[in-house]
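To start, the structure under review is shown below, and the notes come after it.
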Amino acid sequence: MSCYAAWNPSADDRMASASGGVATMLARTVLREGGVYFGTRWSDTLCAEVAWTEEDAEPFRNSRYVHSVFKPETRRQLQAFLEGGRKVLFVGTPCQVASLRALRDYPNLVCVDLLCHGTSPEEYLADEVKFLAKGRPVTDIRFREGPRFRMSLWNGTECLDAVDAERSPYLYGYLSGITLREACYRCPFASLDRTGDITLGDFIGIDRQNVSFVWTHSGKGENLVRACGCVLEERALEERLAYRPGILEASARHPLRDSFVRRLETEPFHSAVRHILRRYYLKLPFQKAWKWLHHQAHLAKKQLCNR
Ligand SMILES: Cc1cc2nc3c(=O)[nH]c(=O)nc-3n(C[C@H](O)[C@H](O)[C@H](O)COP(=O)(O)OP(=O)(O)OC[C@H]3O[C@@H](n4cnc5c(N)ncnc54)[C@H](O)[C@@H]3O)c2cc1C
Ligand code: SF4
């Protein structure tokens with residue numbers, strides 16, 4: 001139906017969210033109307049799992065780049081709310097939304113599918129966190145700081161470890177397409193045929209940071225987007241299609257994927273991924289030096305031209 005660039009008017013909310021903080025605004029709207037919100041948050045054991053709330057959307061904010069577990073009892077709870085006539089908002093990956101759509105078509109269910117690069121198995125993240133934490137308690141894991149991809153481990157308000165994506169084996173393996181679940185490389189939902197009433201993603205290609213891509217597919221989706229209080233700017237869908245993964249094609253299987261999988265047969269995740277990325281890390285200082293030289297040459301040329 002409609003396509004928007006959208007963002008939460010609060011700068012603090014945007015900073016704490018994955019992109020424009022729109023999912024949080026949609027959730028708050030449904031909760032205010034007496035509805036229930038299902039999304040993904042960390043469990044007590046730091047496993048990403050689908051959970052629900054009727055009060056507070058905050059623990060669900062931001063993206064967790066790992067497979068989120070949708071337990072049968074959580075599904076049953078969701079169905080009970082629907083049968084009882086409560087409005088339910090579900091935000092999740094397109095495959096999770098498709099599995100819900102296999103139920104009856106409930107008029108009181110609004111589904112949001114996220115544009116999805118893929119997810120890594122939960123065991124990989126558990127092993128990496130154990131390796132990085134070295135016995136220290138961890139209460140939160142973050143993958144983004146506003147528009148920046150950065151993996152950080154927290155114990156309450158204390159940051160235990162924080163590394164930018166290019167230096168984080170977990171995040172680099174995920175983003176480069178080495179460590180996704182096998183099914184994600186053949187994802188049938190990475191297409192224009194969306195599973196939700198609303199599609200949400202990063203508005204890649206727009207000349208502004210922390211802006212969400214919002215695409216509505218039904219009247220109830222459109223109504224919720226218009227009621228949620230986000231700033232909405234109508235845009236052409238084609239603008240977002242310039243970046244294809246998740247919407248026109250599945251993420252590519254990285255050439256190092258097979259070597260990584262072979263290593264995993266004899267090594268834990270943290271060791272296998274570091275071995276595979278060793279060559280990349282060795283190249284990194286040279287790439288940086290090369291970029292720096294390039295930049296200096298550019299500055300020198302500019303100075304000469306200005307004389
Ligand atoms: C695994 C994953 C891959 C993604 N890949 C892309 C991509 O390739 N391109 C792109 O444009 N956008 C991608 N996104 C979407 C993007 O990161 C944002 O989630 C989206 O733009 C919504 O941002 P927001 O600020 O409105 O959400 P927020 O207000 O920050 O809320 C985040 C929402 O994401 C949900 N969520 C968090 N982690 C998971 C998870 N593991 N599984 C299911 N739901 C989860 C939460 O329940 C919450 O509803 C991905 C998201 C996830 C979770
Ligand atoms: S890439 Fe496809 S299969 Fe993988 S988590 Fe996303 S929607 Fe599901």
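Note on naming: chains are A, B, ... as they come in the structure tokens, residues start from 1 per chain, ligands start from 1 in the order shown.
Backbone DSSP over stretch 107-199 of chain A yields strand (DSSP E) at Leu109, Val110, Cys111, Val112, Asp113, Leu114, Asp140, Ile141, Arg142, Phe143, Arg144, Glu145, Arg148, Phe149, Arg150, Met151, Ser152, Leu153, Trp154, Asn155, Glu158, Cys159, Leu160, Asp161, Ala162, Val163, Asp164, Ile198 and Thr199 of chain A.
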Requested write-out: C-alpha atoms of the selected residues, as a compact mmCIF listing (two decimals), in the first residue's frame:
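Everything below was put into part_2.txt:
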# COMPACT_ATOMS: atom_id res chain seq x y z
CA LEU A 109 -3.70 -9.76 14.99
CA VAL A 110 -1.31 -7.24 13.45
CA CYS A 111 2.01 -8.69 12.23
CA VAL A 112 5.20 -6.79 11.49
CA ASP A 113 7.89 -8.61 9.49
CA LEU A 114 11.44 -7.28 9.65
CA ASP A 140 22.84 -7.68 28.36
CA ILE A 141 24.30 -8.04 24.86
CA ARG A 142 24.02 -5.23 22.29
CA PHE A 143 24.80 -5.26 18.59
CA ARG A 144 24.08 -1.70 17.60
CA GLU A 145 24.66 1.81 18.90
CA ARG A 148 26.81 1.83 14.21
CA PHE A 149 27.24 -1.97 14.35
CA ARG A 150 29.12 -2.75 17.56
CA MET A 151 29.01 -5.77 19.86
CA SER A 152 29.07 -5.02 23.57
CA LEU A 153 28.58 -7.08 26.74
CA TRP A 154 27.12 -5.49 29.84
CA ASN A 155 26.78 -6.32 33.50
CA GLU A 158 29.06 -1.63 33.40
CA CYS A 159 30.34 -2.28 29.88
CA LEU A 160 32.56 -5.39 30.01
CA ASP A 161 33.61 -5.52 26.38
CA ALA A 162 32.80 -3.46 23.27
CA VAL A 163 34.15 -3.98 19.75
CA ASP A 164 33.19 -2.46 16.40
CA ILE A 198 3.74 -3.99 7.93
CA THR A 199 7.37 -4.47 6.86
Please, which residues have at least one atom within 6 Å of an atom of ligand 1, using only C-alpha atoms and all ligand atoms, listed as a PyMOL selection string? chain A and resi 17-24+39-40+60-68+91-93+114-119+200-202+212+246
Between A:Ala98, A:Leu31, A:Leu82, A:Leu232, smallest distance to ligand 2 by only C-alpha atoms and all ligand atoms belongs to A:Ala98
Excluding same-chain residues fewer than 2 positions from A:Ser251, what lies within 12 Å of it counting only C-alpha atoms, as an NGL selection string? :A and (115-119 or 174-191 or 243-249 or 253-254)
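Around A:Val225, within 8 Å and counting only C-alpha atoms, the residues found are A:Leu26, A:Thr216, A:Gly221, A:Gly229, A:Cys230, once anything fewer than 4 positions away on its own chain is removed.
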Please write the residues from the selection above to a file, keeping C-alpha atoms, as a PDB file, in the first residue's frame.
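Produced file out.pdb, reproduced below:
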ATOM      1  CA  LEU A  26       3.851   0.650  17.265  1.00  0.00           C
ATOM      2  CA  THR A 216       2.277  -1.250   4.813  1.00  0.00           C
ATOM      3  CA  GLY A 221      -1.212  -2.081   9.171  1.00  0.00           C
ATOM      4  CA  GLY A 229       3.029   9.132  16.376  1.00  0.00           C
ATOM      5  CA  CYS A 230       6.144   8.555  14.244  1.00  0.00           C
TER       6      CYS A 230
END
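Here atom CA of A:Ala5 and atom CA of A:Lys220 stand 18.7 Å from one another.
Using only C-alpha atoms and all ligand atoms, the smallest distance between any of A:Arg262, A:Arg32, A:Arg76, A:Arg194 and ligand 2 comes from A:Arg194.
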Which residue out of A:Val69, A:Leu89, A:Leu237, A:Val261 has the minimum interatomic distance to ligand 2 when only C-alpha atoms and all ligand atoms are used? A:Val69
Identify all residues of stretch 95-252 of chain A in alpha helix (DSSP H) (DSSP on the backbone) and supply them as a PyMOL selection string. chain A and resi 95-101+122-133+169-175+219-227+237-241
Could you save those same residues with C-alpha atoms as a PDB file, in the first residue's frame?
ATOM      1  CA  CYS A  95       9.627 -16.794   8.815  1.00  0.00           C
ATOM      2  CA  GLN A  96       8.183 -16.326  12.318  1.00  0.00           C
ATOM      3  CA  VAL A  97       5.337 -14.231  10.904  1.00  0.00           C
ATOM      4  CA  ALA A  98       4.677 -16.873   8.202  1.00  0.00           C
ATOM      5  CA  SER A  99       4.377 -19.539  10.909  1.00  0.00           C
ATOM      6  CA  LEU A 100       1.722 -17.394  12.653  1.00  0.00           C
ATOM      7  CA  ARG A 101      -0.128 -16.762   9.422  1.00  0.00           C
ATOM      8  CA  GLU A 122      21.795 -19.369  19.355  1.00  0.00           C
ATOM      9  CA  GLU A 123      24.611 -21.806  20.324  1.00  0.00           C
ATOM     10  CA  TYR A 124      27.179 -19.633  18.475  1.00  0.00           C
ATOM     11  CA  LEU A 125      26.283 -16.562  20.498  1.00  0.00           C
ATOM     12  CA  ALA A 126      26.222 -18.494  23.791  1.00  0.00           C
ATOM     13  CA  ASP A 127      29.740 -19.844  23.100  1.00  0.00           C
ATOM     14  CA  GLU A 128      31.101 -16.424  22.045  1.00  0.00           C
ATOM     15  CA  VAL A 129      29.682 -14.685  25.129  1.00  0.00           C
ATOM     16  CA  LYS A 130      31.127 -17.352  27.426  1.00  0.00           C
ATOM     17  CA  PHE A 131      34.522 -16.903  25.727  1.00  0.00           C
ATOM     18  CA  LEU A 132      34.464 -13.079  25.986  1.00  0.00           C
ATOM     19  CA  ALA A 133      33.002 -12.871  29.496  1.00  0.00           C
ATOM     20  CA  PRO A 169      34.445 -12.103  15.089  1.00  0.00           C
ATOM     21  CA  TYR A 170      30.800 -12.797  15.995  1.00  0.00           C
ATOM     22  CA  LEU A 171      29.409  -9.692  14.322  1.00  0.00           C
ATOM     23  CA  TYR A 172      31.763  -9.783  11.339  1.00  0.00           C
ATOM     24  CA  GLY A 173      30.956 -13.478  10.760  1.00  0.00           C
ATOM     25  CA  TYR A 174      27.243 -12.643  10.921  1.00  0.00           C
ATOM     26  CA  LEU A 175      27.290  -9.532   8.725  1.00  0.00           C
ATOM     27  CA  GLY A 219      -5.659  -1.478   6.169  1.00  0.00           C
ATOM     28  CA  LYS A 220      -4.944  -2.465   9.780  1.00  0.00           C
ATOM     29  CA  GLY A 221      -1.212  -2.081   9.171  1.00  0.00           C
ATOM     30  CA  GLU A 222      -1.672   1.346   7.593  1.00  0.00           C
ATOM     31  CA  ASN A 223      -3.982   2.517  10.420  1.00  0.00           C
ATOM     32  CA  LEU A 224      -1.527   1.457  13.105  1.00  0.00           C
ATOM     33  CA  VAL A 225       1.396   3.189  11.378  1.00  0.00           C
ATOM     34  CA  ARG A 226      -0.603   6.410  11.030  1.00  0.00           C
ATOM     35  CA  ALA A 227      -1.733   6.289  14.689  1.00  0.00           C
ATOM     36  CA  LEU A 237       9.511   1.797  -2.742  1.00  0.00           C
ATOM     37  CA  GLU A 238      12.178   1.735  -5.494  1.00  0.00           C
ATOM     38  CA  GLU A 239      14.476   3.883  -3.314  1.00  0.00           C
ATOM     39  CA  ARG A 240      14.826   1.041  -0.784  1.00  0.00           C
ATOM     40  CA  LEU A 241      15.165  -1.632  -3.494  1.00  0.00           C
TER      41      LEU A 241
END
For a quick check of understanding, using only C-alpha atoms, which of A:Cys228, A:Leu192, A:Ala242, A:Ala51 has the smallest distance to A:Pro94? A:Leu192
Would you list the contacts of A:Phe70 as a list in words, taking every protein, DNA or RNA residue within 7 Å and counting only C-alpha atoms, but skipping same-chain residues closer than 3 positions in sequence? Glu49, Val50 and Thr74 of chain A
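The coordinates place atom CA of A:Trp42 at 13.7 Å from atom CA of A:Gly156.
Of the residues listed (A:Gly35, A:Pro72, A:Pro121, A:Pro107), A:Pro121 shows the shortest atom-to-atom separation from ligand 2; distances use only C-alpha atoms and all ligand atoms.
For the pair atom 4 (Fe, counted along the ligand's line) of ligand 2 and atom CA of A:Ala252, the separation is 11.9 Å.
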Across A:Ala102, A:Pro137, A:Glu83, A:Ser120, the smallest distance to ligand 2, with only C-alpha atoms and all ligand atoms counted, is shown by A:Ser120
